[in-house]
Structure formats: structure tokens, C-alpha cells
Protein chains: 2
Amino acid sequence: MSTTAPKGFLASGVAAGIKAESKDLALVVNTGPEFHAAGVFTSNRFQAAPVTWSRAAIADGRLKAVVLNSGGANACTGKAGYEDAVRTAAQVAKELEIDTEDVAVCSTGLIGVPLPMEAVLDGVRLAVAALDSEGGPDAAEAIMTTDTVPKTVAYTNPAGWSIGGMAKGAGMLAPALATMLVTITTDALISQPALEKALRLACSITFDRTDSDGCMSTNDTVLILANGASGVVADEDDFTIMLAQVCWTLAHKLIKDAEGAEHDIEVQVVGAASEADALEAARAIARSNLFKCAVFGNDPNWGRVLSAVGTTSAQFDPEHVDVFFNGVPVFLDGQPGADRAEVEFARDVIVQVRLHAGDDSATVWTNDLTYGYVKENAEYSS
Amino acid sequence: MSTTAPKGFLASGVAAGIKAESKDLALVVNTGPEFHAAGVFTSNRFQAAPVTWSRAAIADGRLKAVVLNSGGANACTGKAGYEDAVRTAAQVAKELEIDTEDVAVCSTGLIGVPLPMEAVLDGVRLAVAALDSEGGPDAAEAIMTTDTVPKTVAYTNPAGWSIGGMAKGAGMLAPALATMLVTITTDALISQPALEKALRLACSITFDRTDSDGCMSTNDTVLILANGASGVVADEDDFTIMLAQVCWTLAHKLIKDAEGAEHDIEVQVVGAASEADALEAARAIARSNLFKCAVFGNDPNWGRVLSAVGTTSAQFDPEHVDVFFNGVPVFLDGQPGADRAEVEFARDVIVQVRLHAGDDSATVWTNDLTYGYVKENAEYSS
């Protein structure tokens, strides 16, 4: 049920003609009674026009609608591109009779190409007309680019409130930088500061640790809208935990659908002196092309794991590090360990590095580097 | 003529049986009268046993011989591996009647596999017997792994001294982390501190800016030996410039032979507020898999260039940045520029980013990300 699983949300997904054939414009509307919102945006300094607009729109902690399009990122499009983002928000506001400043805009697709604004504005009218309390799946479909499946999630807390969400993106792997766009809704009663705090924490341990190819999009946006329509005050810890679960589920759907990926890799670094150390080491492994090619070739190449860890400033003694591939200790206490032939490969690969420097740990999710990745990112006409 | 181009150096390359069929052990010997030496080693914290040994051996600024093997990196091999490196140096010392501490050892090949020491020690004897004042090319051949051609260089300064060198490695791209090994010789009369200073400077603007796949080896070693046999005192500036030229030439031969590469890419960042800024931006571009796949597909994808630059902390205003592909301004002053169809692609691709933030610049050399790269690094049995 996606973004329409919680009470008081409407959504739609329509074919506006931005792309040739498929649905390409989505709308998610909060009908209240509350209109709290929080967002996390790309830290790329070349941020797309819709990101610039949406950052400003959400600055007051309030949103009533999110309009999203595939078929064009509206990034690096200059002042005209920014005006297009504002016009899109204004059109939604006009149709819904709300303020333009209460409408966030998200775009995904090619960089540097102006949006076909006639199609976008027509699409907004179509999307408003199609708004439905069961429209979440249509919206999730309309934001797909190279995604092969729509990505949605919905959980209900026993206390009586729900969180729903949709995501698109192939782990920031997509051609010409297709984007990670996430819209989450909840009918829990929760204050805006608590909502914001929960979103930042949830993102920091889920989307922020999902690193498919190390490339950061100009458009990445995660938004959450909360309307309190359940009438139930959410315990803040419970809410944060469930929100993290929602983000984790969506992040995994992104990784599993990453372009060309043939293995889903979980990189665990344990026994670190600090979480920052663990994260630095895990990221270094997840970004090693040599390591990722080895996994594609079903090779438990611990040498490539170590060489990536060796480039970090994490605290450890090279003489006392272990590497496990799917549970097999291929490198133990600074020496070659079990025969690598003992490692059984499947779609899921877990690499665990034990630093023996403390009690902290971190996990990063990534995927392998394959012919498919190169093909999609080299041959795609852009 | 490689390392035997300068006067007073002997070299050899032999088939010791470490690998199945080809030459696999090289020896370079300085016959004096001086024995100055300097080295630059990998900063990877998992440094291979020969790196640990050679760092210690060269600490006094003096070397008489360098022994190098392909067919095994002797990395992550524990104490036994270190003992193997020392035994190799000791065998060279015994045969040449010099001190073990005057022999550096370099290894390249698979990580984590013990060297076949009987073959190595036999090989040392063969190599000593084969030493020749024209043996440089044989030595260069013996250190090849996935290299398709030996890489050598020799220049003579009009003042009467020469520099020669050999290199192996596919830009740190090689399967299971094959290594960049470089040995340079000179018959110039130059002090050890000046030699060391010149080597560090030359490496910092050549090998250090050659970034094929962002992966750092456990074995990278650049050594220079100086014997003063020309009898000519080298002007230190002249020497530094020529040494940089030697390193630059070898670095380019590495990039041109990088595994699977179909384009050689020069990333220039100009108009930066500092050289560090320029270098950070250039490295970010050179390490973007999306950008590198686009070049493989002959796509002047400036969006991927910008998105890489946007992840850095370099000083610039996103509204006033330009991107040129092979001279064509595809992005100008923060806006889409010339039609990307105007860009003509060849083997050599020059990407220039103008930050308009100052007068500093930096160049990084890399190559594209291709099916060939994935194939070599996924299918190689290790």
C-alpha cells in the first residue's frame, strides 16, 4: 500500500508524457489534520533545482504535498530549471488550493536536460484528478527509472499508527545519475522536531550506509510527512525504530535492484575502536572495485579486502585482523586462514572484518561490479 | 636500455620457475663508486613483507642491489613471509659478496601465497650469473605480471649523466592487486638528500597522480639508485626535472597498459583556489565509476563530472563552473553549453574543469571502466 497505507494520505501516478510510454509523474498528498514534515537531501554541491526548492519549502517543517517525476532530473539546468521546479510546485498548489511553499518537488532522470514543462503541468492536473486513498502503488510505479520493480513498504505499529513508504533508484548506480528518491508517510501523532530527529537517525544507519557505487546523486531526497490521522501519540523510540526498519527495508530493495548487480554484499566491520572507524573501513571495502569484481567472480579474495582496509585510518594492528567470507575465516590473526574453496557463494555475500581494537561495529551494504553495471552505464544514451 | 642505460649498472632477468613459463626474477646491481639510494613505498597499512624489509634496508640511504620477482606478492604471509624476504636479500648478498642490508627486495603477484623459496633462491644464483651491462630489458621483462609490454625509459642529460628506469603494473588495476614496481638508476653525481628530495617530488606529481582504479597495492615500491659513475655533478634542479620526466613517462606507460582500458583519460582541474583543491576535484572525477563507464561508451557525460566535483570540499561556486571534453565546452558558467555531439572521441580523452576560484591546477591520469576490467578482475583465478 506504500505511501497510502497510513490514514489520511492520497496518492496517484500518471503517464504525463515526460517519458515515452510509462507512468512518469507521482503525487502524494497529506490531508491532515497535521502537516509535519522532515527531509534529508543530497550533500552534493551541485544540487538539482528541485532539491534547492524542496529544501526551502520544508524549512518550516511543514508540507502538504510531494510531486515527483521521472524522465528528467532537472539538475544543472540553471535558473530556467529552478523556475521549472517552482512552476511545478505552483501548479500542484493551484490545483489543490494550498500554498506553493507546502509542495515539495522531486525529479529523477537525465542531468542537464530541461523538463518538458507542458507535459509536466498537464501531468499535475491528471495526477490531482487521479488522487486516491489507494493510489500509493501507482505513485511508486511512476517514479521508476532503471528500477525493474517498484519499491514500497508499509508497517503498522500495534499501538495503532502506521508508516508507509516508496523509493526509487538503483543504489545511486543509475545511468546519468538516476537518483534515490524516497517518500515516507505516517499517521502517527508526533511532533515535528521528533519526526526530524527520527528521520535523521534512521537515514544515518540505513540509506547513508547503502553504497552501491560510491557515486552521489545531485537529486537524492528522502521526505517524511506526518499527519497524526491515527489519533495515536507515538512513543518516540518506537517510532524511530519502526522508521529505521522502513528505511532499512527500502534501502535493501534499492540494493537488490541495483543495476547489473549479481550479488548483494553486506560488509560488517566489528571490533573497532569507534563506530567511525568501523564505518570508514566498511566503506573502503564497499568502494573497492577490485573487491567488487572478485565477488562477481565468486572469489573470496581477502587480499582485496585487507588492501582496502589498509588504506583507512581506522585503529588496528595488521598482525591481528581477521576476515570472514560467509562465515569462513579465510584470514585469521594476520595470517592466511581456511582454504578459500570452503567459502560457498550465493546471491547474498557477508564479509566480516574483525579489527580487534574495541567493541564498535558498522555495516555497509553494497553489490558487486559486473558486466551489467558497465553496460548500463556505458551504453545508455544520454 | 632501461636500468642499464646509466654507467655502472648491471642487470638481468631470468626464469626461476616461480611462474610456469616466463621470466620471473630480476636483479639490478649498482657497481659504484657511490651507492646512494632513495625509495617511496605504499602507504597501505597492510604492507607486504618485501616492503617492510626494503624500508629498513634503505633507511641508511644506501643500496647496492635490488632483487625483484613476479609470480607472488609475499603479502599478508605473516612472519614466514618476512623471513622469506630476508632470505632472498641474504642470498643476493652472499652471491655478490655484499651486505644483506644493501639489498632491497620487491615482489608482485598474488597476495597470501608463500613464495616457492627453492625456486627463488635458485633464481638468484641464475640472475647473478646472468648480470650484464645490457641486461636492463631482461630485468624489465621479468617483472611483468598482467602487463602486456615491458615498460622502460632512458634519458641522457647533455651535461653527461643519464637516468634509466623500468616499471611494471597496470596502474594498480591488476588482478589480486598486482603492484606498481619501479626501479630507476642514474650515474649522476648527486648527494643522497638531493636524490631523496628529487624522488619524492617527482613521484608526487607523476605516480601519485596516476589513479587507474583507486585501489592501492600492498607492494608499491619506487626505488632509485645513484652511483655517480658519470663523474658529472648534476645540477639538482635539472636532475629533478629529468627524474620527473622519467617518472611521468613510466606512469603513462602504466596507464596505457592498464587492464581492460580502452581510453586514456587526462583529468585537468584549473582555476582552483589551491593545488590541493584542484587535486581533490581531479581525483574525485578520476574515481567516479559512472564517469569512467561513460567514457568507455564515448559519452561526454558532464553531469557525471559535475556530480563527482560536487562531492568535494574544493572552493567553487556551482553557478560558475565550466566543463570541457576534448576542448568542447559542454558546460559553461553553470549552464549546459555546446552540444555534446560536437565532442570527438579517440583513445585519448582530456576532461578539463574550470573552477574559477583561483590560479592553481592539477592533473590526474586515469582510464575508463570497461568489460575488460571487470573480466580480468572477476575471472582471474586467485
# chains A, B, ... in the order shown; residues from 1 in each chain; ligands from 1
call {"tool": "closest_atom_pairs", "arguments": {"of": "chain A", "to": "chain B", "cutoff": "8 Å", "atoms": "only C-alpha atoms", "output": "Markdown table"}}
result
| residue | atom | partner | partner_atom | distance |
| --- | --- | --- | --- | --- |
| A:Ser43 | CA | B:Thr311 | CA | 7.2 |
| A:Asn44 | CA | B:Gly310 | CA | 4.9 |
| A:Arg45 | CA | B:Gly310 | CA | 4.4 |
| A:Phe46 | CA | B:Gly310 | CA | 5.2 |
| A:Cys76 | CA | B:Gln335 | CA | 6.3 |
| A:Thr77 | CA | B:Gln335 | CA | 5.9 |
| A:Gly78 | CA | B:Gln335 | CA | 5.4 |
| A:Ile111 | CA | B:Gly303 | CA | 5.7 |
| A:Gly112 | CA | B:Pro336 | CA | 6.2 |
| A:Leu173 | CA | B:Leu290 | CA | 7.6 |
| A:Pro175 | CA | B:Leu290 | CA | 7.5 |
| A:Ala176 | CA | B:Arg304 | CA | 6.5 |
| A:Leu177 | CA | B:Arg304 | CA | 6.9 |
| A:Asp213 | CA | B:Asn289 | CA | 7.0 |
| A:Gly214 | CA | B:Ser288 | CA | 7.6 |
| A:Cys215 | CA | B:Ser288 | CA | 6.5 |
| A:Met216 | CA | B:Ser307 | CA | 6.8 |
| A:Ser217 | CA | B:Ser307 | CA | 6.5 |
| A:Thr218 | CA | B:Ser307 | CA | 6.3 |
| A:Ser288 | CA | B:Cys215 | CA | 6.5 |
| A:Asn289 | CA | B:Asp213 | CA | 7.0 |
| A:Leu290 | CA | B:Asn377 | CA | 6.3 |
| A:Cys293 | CA | B:Ala378 | CA | 4.7 |
| A:Ala294 | CA | B:Ala378 | CA | 4.7 |
| A:Val295 | CA | B:Ala378 | CA | 7.2 |
| A:Phe296 | CA | B:Ala378 | CA | 5.9 |
| A:Gly297 | CA | B:Ala378 | CA | 4.3 |
| A:Asn298 | CA | B:Ala378 | CA | 7.8 |
| A:Asp299 | CA | B:Ser382 | CA | 7.4 |
| A:Asn301 | CA | B:Ala176 | CA | 7.4 |
| A:Gly303 | CA | B:Ile111 | CA | 5.7 |
| A:Arg304 | CA | B:Ala176 | CA | 6.5 |
| A:Leu306 | CA | B:Phe46 | CA | 6.9 |
| A:Ser307 | CA | B:Thr218 | CA | 6.3 |
| A:Ala308 | CA | B:Cys215 | CA | 7.2 |
| A:Gly310 | CA | B:Arg45 | CA | 4.4 |
| A:Thr311 | CA | B:Asn44 | CA | 5.1 |
| A:Pro318 | CA | B:Phe46 | CA | 6.0 |
| A:Glu319 | CA | B:Gly78 | CA | 7.6 |
| A:Gly334 | CA | B:Gly78 | CA | 6.4 |
| A:Gln335 | CA | B:Gly78 | CA | 5.4 |
| A:Pro336 | CA | B:Gly112 | CA | 6.2 |
| A:Leu369 | CA | B:Val374 | CA | 7.1 |
| A:Thr370 | CA | B:Val374 | CA | 6.3 |
| A:Tyr371 | CA | B:Tyr371 | CA | 5.6 |
| A:Val374 | CA | B:Cys293 | CA | 5.8 |
| A:Lys375 | CA | B:Tyr371 | CA | 7.8 |
| A:Asn377 | CA | B:Cys293 | CA | 5.5 |
| A:Ala378 | CA | B:Gly297 | CA | 4.3 |
| A:Glu379 | CA | B:Gly297 | CA | 5.5 |
| A:Ser381 | CA | B:Asp299 | CA | 7.9 |
| A:Ser382 | CA | B:Asp299 | CA | 7.4 |
call {"tool": "select_by_dssp", "arguments": {"residues": "range 109-220 of chain B", "states": "alpha helix (DSSP H)", "output": "PyMOL selection string"}}
result
chain B and resi 117-129+136-142+192-204
call {"tool": "atom_distance", "arguments": {"atom1": "CA of Leu199 in chain B", "atom2": "CA of Val267 in chain B"}}
result
23.3 Å
call {"tool": "closest_residue", "arguments": {"among": "A:Ala90, A:Leu243, A:Asp187, A:Ile265", "to": "Cys203 in chain A", "atoms": "only C-alpha atoms"}}
result
A:Leu243
call {"tool": "closest_residue", "arguments": {"among": "B:Arg347, B:Arg209, B:His356, B:Arg87", "to": "Ala286 in chain B", "atoms": "only C-alpha atoms"}}
result
B:Arg209
call {"tool": "decode", "arguments": {"residues": "range 182-229 of chain B", "atoms": "N, CA and C atoms", "output": "compact mmCIF listing (two decimals), in the first residue's frame"}}
result
# COMPACT_ATOMS: atom_id res chain seq x y z
N VAL B 182 58.78 0.05 -9.49
CA VAL B 182 59.61 0.89 -10.34
C VAL B 182 61.03 0.89 -9.80
N THR B 183 62.00 0.65 -10.68
CA THR B 183 63.40 0.79 -10.29
C THR B 183 64.06 1.75 -11.27
N ILE B 184 64.70 2.77 -10.72
CA ILE B 184 65.34 3.80 -11.53
C ILE B 184 66.81 3.85 -11.16
N THR B 185 67.65 4.09 -12.16
CA THR B 185 69.09 4.17 -11.92
C THR B 185 69.62 5.47 -12.50
N THR B 186 70.71 5.96 -11.94
CA THR B 186 71.36 7.13 -12.53
C THR B 186 72.85 7.10 -12.22
N ASP B 187 73.62 7.60 -13.19
CA ASP B 187 75.06 7.71 -12.97
C ASP B 187 75.47 9.15 -12.63
N ALA B 188 74.48 9.98 -12.35
CA ALA B 188 74.79 11.35 -11.95
C ALA B 188 75.46 11.36 -10.59
N LEU B 189 76.31 12.35 -10.38
CA LEU B 189 76.87 12.58 -9.05
C LEU B 189 75.88 13.48 -8.32
N ILE B 190 75.28 12.95 -7.29
CA ILE B 190 74.26 13.71 -6.56
C ILE B 190 74.24 13.21 -5.13
N SER B 191 74.03 14.09 -4.19
CA SER B 191 74.01 13.68 -2.78
C SER B 191 72.75 12.87 -2.49
N GLN B 192 72.83 12.06 -1.43
CA GLN B 192 71.65 11.26 -1.08
C GLN B 192 70.46 12.13 -0.71
N PRO B 193 70.64 13.19 0.09
CA PRO B 193 69.46 14.02 0.41
C PRO B 193 68.83 14.64 -0.83
N ALA B 194 69.67 15.08 -1.79
CA ALA B 194 69.12 15.66 -3.02
C ALA B 194 68.40 14.60 -3.83
N LEU B 195 68.94 13.39 -3.84
CA LEU B 195 68.32 12.28 -4.56
C LEU B 195 66.94 11.99 -3.98
N GLU B 196 66.89 11.93 -2.67
CA GLU B 196 65.63 11.63 -1.97
C GLU B 196 64.59 12.72 -2.22
N LYS B 197 65.03 13.96 -2.14
CA LYS B 197 64.12 15.08 -2.34
C LYS B 197 63.57 15.06 -3.77
N ALA B 198 64.46 14.81 -4.72
CA ALA B 198 64.04 14.78 -6.13
C ALA B 198 63.04 13.65 -6.37
N LEU B 199 63.29 12.48 -5.75
CA LEU B 199 62.40 11.34 -5.97
C LEU B 199 61.02 11.62 -5.39
N ARG B 200 60.98 12.19 -4.20
CA ARG B 200 59.68 12.47 -3.58
C ARG B 200 58.87 13.46 -4.41
N LEU B 201 59.55 14.49 -4.87
CA LEU B 201 58.86 15.49 -5.68
C LEU B 201 58.36 14.87 -7.00
N ALA B 202 59.26 14.14 -7.65
CA ALA B 202 58.89 13.54 -8.94
C ALA B 202 57.71 12.58 -8.79
N CYS B 203 57.75 11.76 -7.76
CA CYS B 203 56.65 10.81 -7.54
C CYS B 203 55.34 11.54 -7.24
N SER B 204 55.43 12.64 -6.49
CA SER B 204 54.19 13.31 -6.06
C SER B 204 53.41 13.90 -7.22
N ILE B 205 54.12 14.20 -8.32
CA ILE B 205 53.39 14.79 -9.45
C ILE B 205 53.24 13.81 -10.63
N THR B 206 53.67 12.58 -10.42
CA THR B 206 53.54 11.60 -11.52
C THR B 206 52.81 10.33 -11.03
N PHE B 207 53.55 9.44 -10.36
CA PHE B 207 52.91 8.19 -9.92
C PHE B 207 51.75 8.45 -8.97
N ASP B 208 51.92 9.45 -8.10
CA ASP B 208 50.86 9.73 -7.13
C ASP B 208 49.60 10.28 -7.80
N ARG B 209 49.72 10.74 -9.03
CA ARG B 209 48.55 11.28 -9.73
C ARG B 209 48.08 10.35 -10.85
N THR B 210 48.57 9.15 -10.79
CA THR B 210 48.16 8.13 -11.73
C THR B 210 47.21 7.21 -10.98
N ASP B 211 45.95 7.31 -11.30
CA ASP B 211 44.95 6.64 -10.47
C ASP B 211 44.03 5.85 -11.38
N SER B 212 44.41 4.60 -11.58
CA SER B 212 43.66 3.81 -12.54
C SER B 212 42.32 3.36 -11.96
N ASP B 213 42.34 2.78 -10.78
CA ASP B 213 41.07 2.33 -10.21
C ASP B 213 40.94 2.64 -8.73
N GLY B 214 41.76 3.53 -8.23
CA GLY B 214 41.61 3.96 -6.85
C GLY B 214 42.04 2.92 -5.83
N CYS B 215 42.53 1.78 -6.30
CA CYS B 215 42.91 0.72 -5.38
C CYS B 215 44.42 0.75 -5.13
N MET B 216 44.79 0.74 -3.89
CA MET B 216 46.19 0.88 -3.53
C MET B 216 46.79 -0.47 -3.18
N SER B 217 47.91 -0.78 -3.78
CA SER B 217 48.53 -2.08 -3.57
C SER B 217 49.25 -2.14 -2.23
N THR B 218 49.49 -3.37 -1.80
CA THR B 218 50.27 -3.62 -0.59
C THR B 218 51.76 -3.62 -0.88
N ASN B 219 52.14 -3.55 -2.14
CA ASN B 219 53.53 -3.77 -2.53
C ASN B 219 54.19 -2.62 -3.27
N ASP B 220 53.45 -1.56 -3.61
CA ASP B 220 54.01 -0.49 -4.44
C ASP B 220 55.36 0.01 -3.92
N THR B 221 56.31 0.05 -4.82
CA THR B 221 57.66 0.47 -4.45
C THR B 221 58.31 1.20 -5.62
N VAL B 222 58.87 2.35 -5.35
CA VAL B 222 59.68 3.07 -6.34
C VAL B 222 61.06 3.28 -5.72
N LEU B 223 62.09 2.76 -6.37
CA LEU B 223 63.45 2.88 -5.86
C LEU B 223 64.32 3.60 -6.87
N ILE B 224 65.27 4.38 -6.38
CA ILE B 224 66.28 4.97 -7.27
C ILE B 224 67.66 4.72 -6.68
N LEU B 225 68.57 4.32 -7.55
CA LEU B 225 69.96 4.06 -7.17
C LEU B 225 70.85 5.03 -7.93
N ALA B 226 71.82 5.66 -7.25
CA ALA B 226 72.70 6.63 -7.90
C ALA B 226 74.15 6.29 -7.59
N ASN B 227 74.98 6.17 -8.66
CA ASN B 227 76.36 5.74 -8.42
C ASN B 227 77.42 6.77 -8.80
N GLY B 228 77.01 7.87 -9.41
CA GLY B 228 77.99 8.90 -9.76
C GLY B 228 79.01 8.47 -10.79
N ALA B 229 78.77 7.34 -11.48
CA ALA B 229 79.77 6.79 -12.40
C ALA B 229 80.06 7.69 -13.59
